Amino acid sequence: MTVVYEDNHLIVVNKSASEIVQGDKTGDQPLSEMVKAYLKEKYQKPGNVFVGVTHRLDRPVSGLVIFAKTSKALSRLNEMFRNGEVKKTYWAIVKNEPKEHAGELTHFMVRNEKQNKSYAYDREVANSKKAVLDYRLIGHSLNYYLLEVDLKTGRHHQIRCQLAKMGSPIKGDLKYGFPRSNPDGSICLHARRVVFIHPTSKEKIELEAPLPGGNLWKGFEQL
């Protein structure tokens with residue numbers, strides 16, 4: 001992880017694809033604990049350090065994650081996420097060119113907890129939640145296409161599932177139909193930008209995460 005932004009209330013980090021945001025059954029050290037350790041060392045705090053998780057990114061996804069450093073910031077940020085007041089933009093590399101180069105995708109998604117997978121349907125089905133995103137084609141290399149995605153809702157595996165349903169699964173995402181995994185276990189989905197009103201100062205915060213390493217992403221750096 002690298003720190004992209006920090007003040008008294010927030011810390012925003014650029015997570016690498018192998019890191020988990022919160023503890024899970026793997027027992028691997030989560031990002032929240034890494035941030036705590038970083039703050040403890042930086043400010044030489046003797047006691048416990050408060051770090052509140054405001055949202056998650058799937059483990060194989062890289063990019064911006066916002067943590068709260070105070071309980072006040074945490075409750076406000078949680079509310080902002082619930083109300084869709086945090087604008088998140090993702091970049092995704094796909095192999096298949098979408099038929100339409102820009103558009104809005106609306107599906108009804110059902111999460112299967114056992115499989116840790118979501119399924120997208122064109123119409124409402126039992127236990128489904130509406131999922132909406134905007135996408136546009138912003139670049140291409142010899143073999144791949146780069147899509148910019150703006151999330152309108154925050155569903156489990158939403159971008160992965162909806163792009164696959166459209167016929168453009170994300171590179172490396174075996175779970176959603178890409179034929180091969182990436183050597184490092186990542187998928188080519190990156191939380192590129194985040195825009196929100198600061199929960200206490202009310203300033204507009206706009207942050208951008210550098211792209212992951214590797215030749216594939218490098219080809220899109222100039223965009």
# chains A, B, ... in the order shown; residues from 1 in each chain; ligands from 1
call {"tool": "closest_atom_pairs", "arguments": {"of": "range 5-46 of chain A", "to": "range 70-78 of chain A", "cutoff": "12 Å", "atoms": "only C-alpha atoms", "output": "CSV"}}
result
residue,atom,partner,partner_atom,distance
A:Asp7,CA,A:Thr70,CA,10.7
A:Asn8,CA,A:Thr70,CA,8.0
A:His9,CA,A:Thr70,CA,5.6
A:Leu10,CA,A:Ala73,CA,7.3
A:Ile11,CA,A:Thr70,CA,10.3
call {"tool": "write_last_selection", "arguments": {"atoms": "C-alpha atoms", "output": "PDB file, in the first residue's frame"}}
result
ATOM      1  CA  ASP A   7      -5.313  14.591   7.209  1.00  0.00           C
ATOM      2  CA  ASN A   8      -6.620  14.482  10.802  1.00  0.00           C
ATOM      3  CA  HIS A   9      -9.806  12.638   9.820  1.00  0.00           C
ATOM      4  CA  LEU A  10      -8.987  10.499   6.783  1.00  0.00           C
ATOM      5  CA  ILE A  11      -6.287   8.415   5.225  1.00  0.00           C
TER       6      ILE A  11
END
call {"tool": "residues_around", "arguments": {"residues": "Asp134 in chain A", "least_positions_apart": "6", "cutoff": "6 Å", "atoms": "only C-alpha atoms", "output": "PyMOL selection string"}}
result
chain A and resi 103-104+149-150
call {"tool": "closest_residue", "arguments": {"among": "A:Lys25, A:Arg192, A:Lys42, A:Lys117", "to": "Val13 in chain A", "atoms": "only C-alpha atoms"}}
result
A:Arg192
call {"tool": "closest_atom_pairs", "arguments": {"of": "range 46-83 of chain A", "to": "range 200-221 of chain A", "cutoff": "8 Å", "atoms": "only C-alpha atoms", "output": "Markdown table"}}
result
| residue | atom | partner | partner_atom | distance |
| --- | --- | --- | --- | --- |
| A:Ser62 | CA | A:Pro212 | CA | 7.4 |
| A:Gly63 | CA | A:Ala209 | CA | 6.0 |
| A:Leu64 | CA | A:Ala209 | CA | 6.1 |
| A:Ala73 | CA | A:Thr200 | CA | 7.0 |
call {"tool": "closest_atom_pairs", "arguments": {"of": "range 77-108 of chain A", "to": "range 157-179 of chain A", "cutoff": "12 Å", "atoms": "only C-alpha atoms", "output": "Markdown table"}}
result
| residue | atom | partner | partner_atom | distance |
| --- | --- | --- | --- | --- |
| A:Lys88 | CA | A:Ile159 | CA | 11.8 |
| A:Thr89 | CA | A:Ile159 | CA | 10.9 |
| A:Tyr90 | CA | A:Ile159 | CA | 8.8 |
| A:Trp91 | CA | A:Ile159 | CA | 10.1 |
| A:Ala92 | CA | A:Ile170 | CA | 6.4 |
| A:Ile93 | CA | A:Ile170 | CA | 5.8 |
| A:Val94 | CA | A:Ile170 | CA | 4.7 |
| A:Lys95 | CA | A:Lys171 | CA | 6.6 |
| A:Asn96 | CA | A:Ser168 | CA | 5.0 |
| A:Glu97 | CA | A:Ser168 | CA | 6.8 |
| A:Pro98 | CA | A:Ser168 | CA | 6.4 |
| A:Lys99 | CA | A:Met166 | CA | 8.8 |
| A:Glu100 | CA | A:Met166 | CA | 10.0 |
| A:His101 | CA | A:Ser168 | CA | 11.7 |
| A:Ala102 | CA | A:Met166 | CA | 11.9 |
| A:Gly103 | CA | A:Met166 | CA | 10.9 |
| A:Glu104 | CA | A:Gln162 | CA | 10.5 |
| A:Leu105 | CA | A:Gln162 | CA | 7.3 |
| A:Thr106 | CA | A:Gln162 | CA | 8.3 |
| A:His107 | CA | A:Gln162 | CA | 7.3 |
| A:Phe108 | CA | A:Gln162 | CA | 9.6 |
call {"tool": "atom_distance", "arguments": {"atom1": "CA of Gly52 in chain A", "atom2": "CA of Met34 in chain A"}}
result
12.4 Å
call {"tool": "residues_around", "arguments": {"residues": "range 46-50 of chain A", "least_positions_apart": "4", "cutoff": "9 Å", "atoms": "only C-alpha atoms", "output": "NGL selection string"}}
result
:A and (36-37 or 39-40 or 68-71)
call {"tool": "write_last_selection", "arguments": {"atoms": "C-alpha atoms", "output": "PDB file, in the first residue's frame"}}
result
ATOM      1  CA  LYS A  36      -2.982   1.137  11.934  1.00  0.00           C
ATOM      2  CA  ALA A  37       0.660   0.046  12.118  1.00  0.00           C
ATOM      3  CA  LEU A  39      -0.141   5.505  11.879  1.00  0.00           C
ATOM      4  CA  LYS A  40       1.157   4.055  15.143  1.00  0.00           C
ATOM      5  CA  ALA A  68     -11.499   7.044   8.642  1.00  0.00           C
ATOM      6  CA  LYS A  69      -9.163   8.140  11.455  1.00  0.00           C
ATOM      7  CA  THR A  70     -11.983   9.350  13.726  1.00  0.00           C
ATOM      8  CA  SER A  71     -15.375   7.886  14.621  1.00  0.00           C
TER       9      SER A  71
END
call {"tool": "atom_distance", "arguments": {"atom1": "CA of Leu137 in chain A", "atom2": "CA of Leu189 in chain A"}}
result
14.1 Å
call {"tool": "residues_around", "arguments": {"residues": "Met80 in chain A", "least_positions_apart": "4", "cutoff": "10 Å", "atoms": "only C-alpha atoms", "output": "ChimeraX atom specification"}}
result
/A:54,74-76,84-87,196-197,199
call {"tool": "closest_residue", "arguments": {"among": "A:Ser118, A:Gly27, A:Val53, A:Arg59", "to": "Val12 in chain A", "atoms": "only C-alpha atoms"}}
result
A:Val53
call {"tool": "residues_around", "arguments": {"residues": "His156 in chain A", "least_positions_apart": "6", "cutoff": "12 Å", "atoms": "only C-alpha atoms", "output": "ChimeraX atom specification"}}
result
/A:55-58,108-113,116-120,128-131,162
call {"tool": "select_by_dssp", "arguments": {"residues": "range 4-199 of chain A", "states": "helix (DSSP H, G or I)", "output": "ChimeraX atom specification"}}
result
/A:31-42,71-82,158-165,174-176
call {"tool": "write_last_selection", "arguments": {"atoms": "N, CA and C atoms", "output": "JSON list (two decimals), in the first residue's frame"}}
result
[["chain", "number", "residue", "atom", "x", "y", "z"],
["A", 31, "LEU", "N", -5.43, -4.76, 5.20],
["A", 31, "LEU", "CA", -5.00, -3.39, 4.97],
["A", 31, "LEU", "C", -5.30, -2.49, 6.17],
["A", 32, "SER", "N", -6.45, -2.71, 6.80],
["A", 32, "SER", "CA", -6.83, -1.89, 7.96],
["A", 32, "SER", "C", -5.76, -1.97, 9.06],
["A", 33, "GLU", "N", -5.20, -3.18, 9.25],
["A", 33, "GLU", "CA", -4.15, -3.35, 10.26],
["A", 33, "GLU", "C", -2.83, -2.72, 9.81],
["A", 34, "MET", "N", -2.55, -2.79, 8.51],
["A", 34, "MET", "CA", -1.33, -2.15, 7.98],
["A", 34, "MET", "C", -1.39, -0.64, 8.18],
["A", 35, "VAL", "N", -2.59, -0.08, 7.95],
["A", 35, "VAL", "CA", -2.78, 1.37, 8.13],
["A", 35, "VAL", "C", -2.60, 1.73, 9.60],
["A", 36, "LYS", "N", -3.16, 0.91, 10.49],
["A", 36, "LYS", "CA", -2.98, 1.14, 11.93],
["A", 36, "LYS", "C", -1.51, 1.15, 12.31],
["A", 37, "ALA", "N", -0.78, 0.16, 11.81],
["A", 37, "ALA", "CA", 0.66, 0.05, 12.12],
["A", 37, "ALA", "C", 1.42, 1.26, 11.58],
["A", 38, "TYR", "N", 1.04, 1.69, 10.38],
["A", 38, "TYR", "CA", 1.68, 2.87, 9.76],
["A", 38, "TYR", "C", 1.45, 4.12, 10.63],
["A", 39, "LEU", "N", 0.20, 4.32, 11.07],
["A", 39, "LEU", "CA", -0.14, 5.50, 11.88],
["A", 39, "LEU", "C", 0.53, 5.44, 13.25],
["A", 40, "LYS", "N", 0.55, 4.26, 13.81],
["A", 40, "LYS", "CA", 1.16, 4.05, 15.14],
["A", 40, "LYS", "C", 2.64, 4.45, 15.11],
["A", 41, "GLU", "N", 3.30, 4.00, 14.04],
["A", 41, "GLU", "CA", 4.73, 4.29, 13.90],
["A", 41, "GLU", "C", 4.97, 5.77, 13.57],
["A", 42, "LYS", "N", 4.18, 6.28, 12.63],
["A", 42, "LYS", "CA", 4.38, 7.66, 12.17],
["A", 42, "LYS", "C", 4.21, 8.66, 13.32],
["A", 71, "SER", "N", -14.04, 8.51, 14.70],
["A", 71, "SER", "CA", -15.37, 7.89, 14.62],
["A", 71, "SER", "C", -16.38, 8.83, 13.95],
["A", 72, "LYS", "N", -16.17, 10.13, 14.14],
["A", 72, "LYS", "CA", -17.05, 11.12, 13.50],
["A", 72, "LYS", "C", -16.95, 11.02, 11.97],
["A", 73, "ALA", "N", -15.71, 10.96, 11.49],
["A", 73, "ALA", "CA", -15.50, 10.83, 10.04],
["A", 73, "ALA", "C", -16.07, 9.52, 9.54],
["A", 74, "LEU", "N", -15.93, 8.45, 10.32],
["A", 74, "LEU", "CA", -16.42, 7.14, 9.90],
["A", 74, "LEU", "C", -17.94, 7.15, 9.72],
["A", 75, "SER", "N", -18.67, 7.70, 10.71],
["A", 75, "SER", "CA", -20.13, 7.67, 10.57],
["A", 75, "SER", "C", -20.59, 8.55, 9.41],
["A", 76, "ARG", "N", -19.92, 9.68, 9.21],
["A", 76, "ARG", "CA", -20.31, 10.55, 8.08],
["A", 76, "ARG", "C", -19.99, 9.90, 6.73],
["A", 77, "LEU", "N", -18.81, 9.30, 6.65],
["A", 77, "LEU", "CA", -18.43, 8.64, 5.39],
["A", 77, "LEU", "C", -19.36, 7.45, 5.09],
["A", 78, "ASN", "N", -19.69, 6.68, 6.13],
["A", 78, "ASN", "CA", -20.63, 5.56, 5.93],
["A", 78, "ASN", "C", -21.94, 6.05, 5.35],
["A", 79, "GLU", "N", -22.40, 7.16, 5.87],
["A", 79, "GLU", "CA", -23.66, 7.74, 5.38],
["A", 79, "GLU", "C", -23.51, 8.22, 3.93],
["A", 80, "MET", "N", -22.35, 8.85, 3.63],
["A", 80, "MET", "CA", -22.10, 9.33, 2.26],
["A", 80, "MET", "C", -22.05, 8.18, 1.27],
["A", 81, "PHE", "N", -21.42, 7.07, 1.66],
["A", 81, "PHE", "CA", -21.39, 5.90, 0.78],
["A", 81, "PHE", "C", -22.81, 5.35, 0.56],
["A", 82, "ARG", "N", -23.58, 5.28, 1.66],
["A", 82, "ARG", "CA", -24.96, 4.79, 1.56],
["A", 82, "ARG", "C", -25.79, 5.64, 0.61],
["A", 158, "GLN", "N", -19.88, -6.05, -8.48],
["A", 158, "GLN", "CA", -20.76, -5.46, -9.51],
["A", 158, "GLN", "C", -20.09, -5.27, -10.86],
["A", 159, "ILE", "N", -18.94, -4.61, -10.88],
["A", 159, "ILE", "CA", -18.29, -4.31, -12.17],
["A", 159, "ILE", "C", -17.88, -5.61, -12.86],
["A", 160, "ARG", "N", -17.30, -6.50, -12.09],
["A", 160, "ARG", "CA", -16.84, -7.78, -12.64],
["A", 160, "ARG", "C", -18.00, -8.53, -13.29],
["A", 161, "CYS", "N", -19.11, -8.58, -12.59],
["A", 161, "CYS", "CA", -20.28, -9.34, -13.03],
["A", 161, "CYS", "C", -20.97, -8.67, -14.22],
["A", 162, "GLN", "N", -21.16, -7.35, -14.15],
["A", 162, "GLN", "CA", -21.89, -6.66, -15.22],
["A", 162, "GLN", "C", -21.09, -6.60, -16.52],
["A", 163, "LEU", "N", -19.78, -6.38, -16.43],
["A", 163, "LEU", "CA", -18.97, -6.36, -17.67],
["A", 163, "LEU", "C", -18.94, -7.75, -18.30],
["A", 164, "ALA", "N", -18.88, -8.79, -17.46],
["A", 164, "ALA", "CA", -18.91, -10.16, -18.00],
["A", 164, "ALA", "C", -20.24, -10.43, -18.68],
["A", 165, "LYS", "N", -21.32, -9.97, -18.07],
["A", 165, "LYS", "CA", -22.66, -10.17, -18.63],
["A", 165, "LYS", "C", -22.77, -9.47, -20.00],
["A", 174, "LEU", "N", -11.02, -15.16, -13.76],
["A", 174, "LEU", "CA", -11.52, -16.51, -14.04],
["A", 174, "LEU", "C", -12.94, -16.70, -13.54],
["A", 175, "LYS", "N", -13.22, -16.14, -12.37],
["A", 175, "LYS", "CA", -14.54, -16.33, -11.73],
["A", 175, "LYS", "C", -15.67, -15.84, -12.62],
["A", 176, "TYR", "N", -15.39, -14.81, -13.43],
["A", 176, "TYR", "CA", -16.43, -14.24, -14.29],
["A", 176, "TYR", "C", -16.14, -14.45, -15.78]]
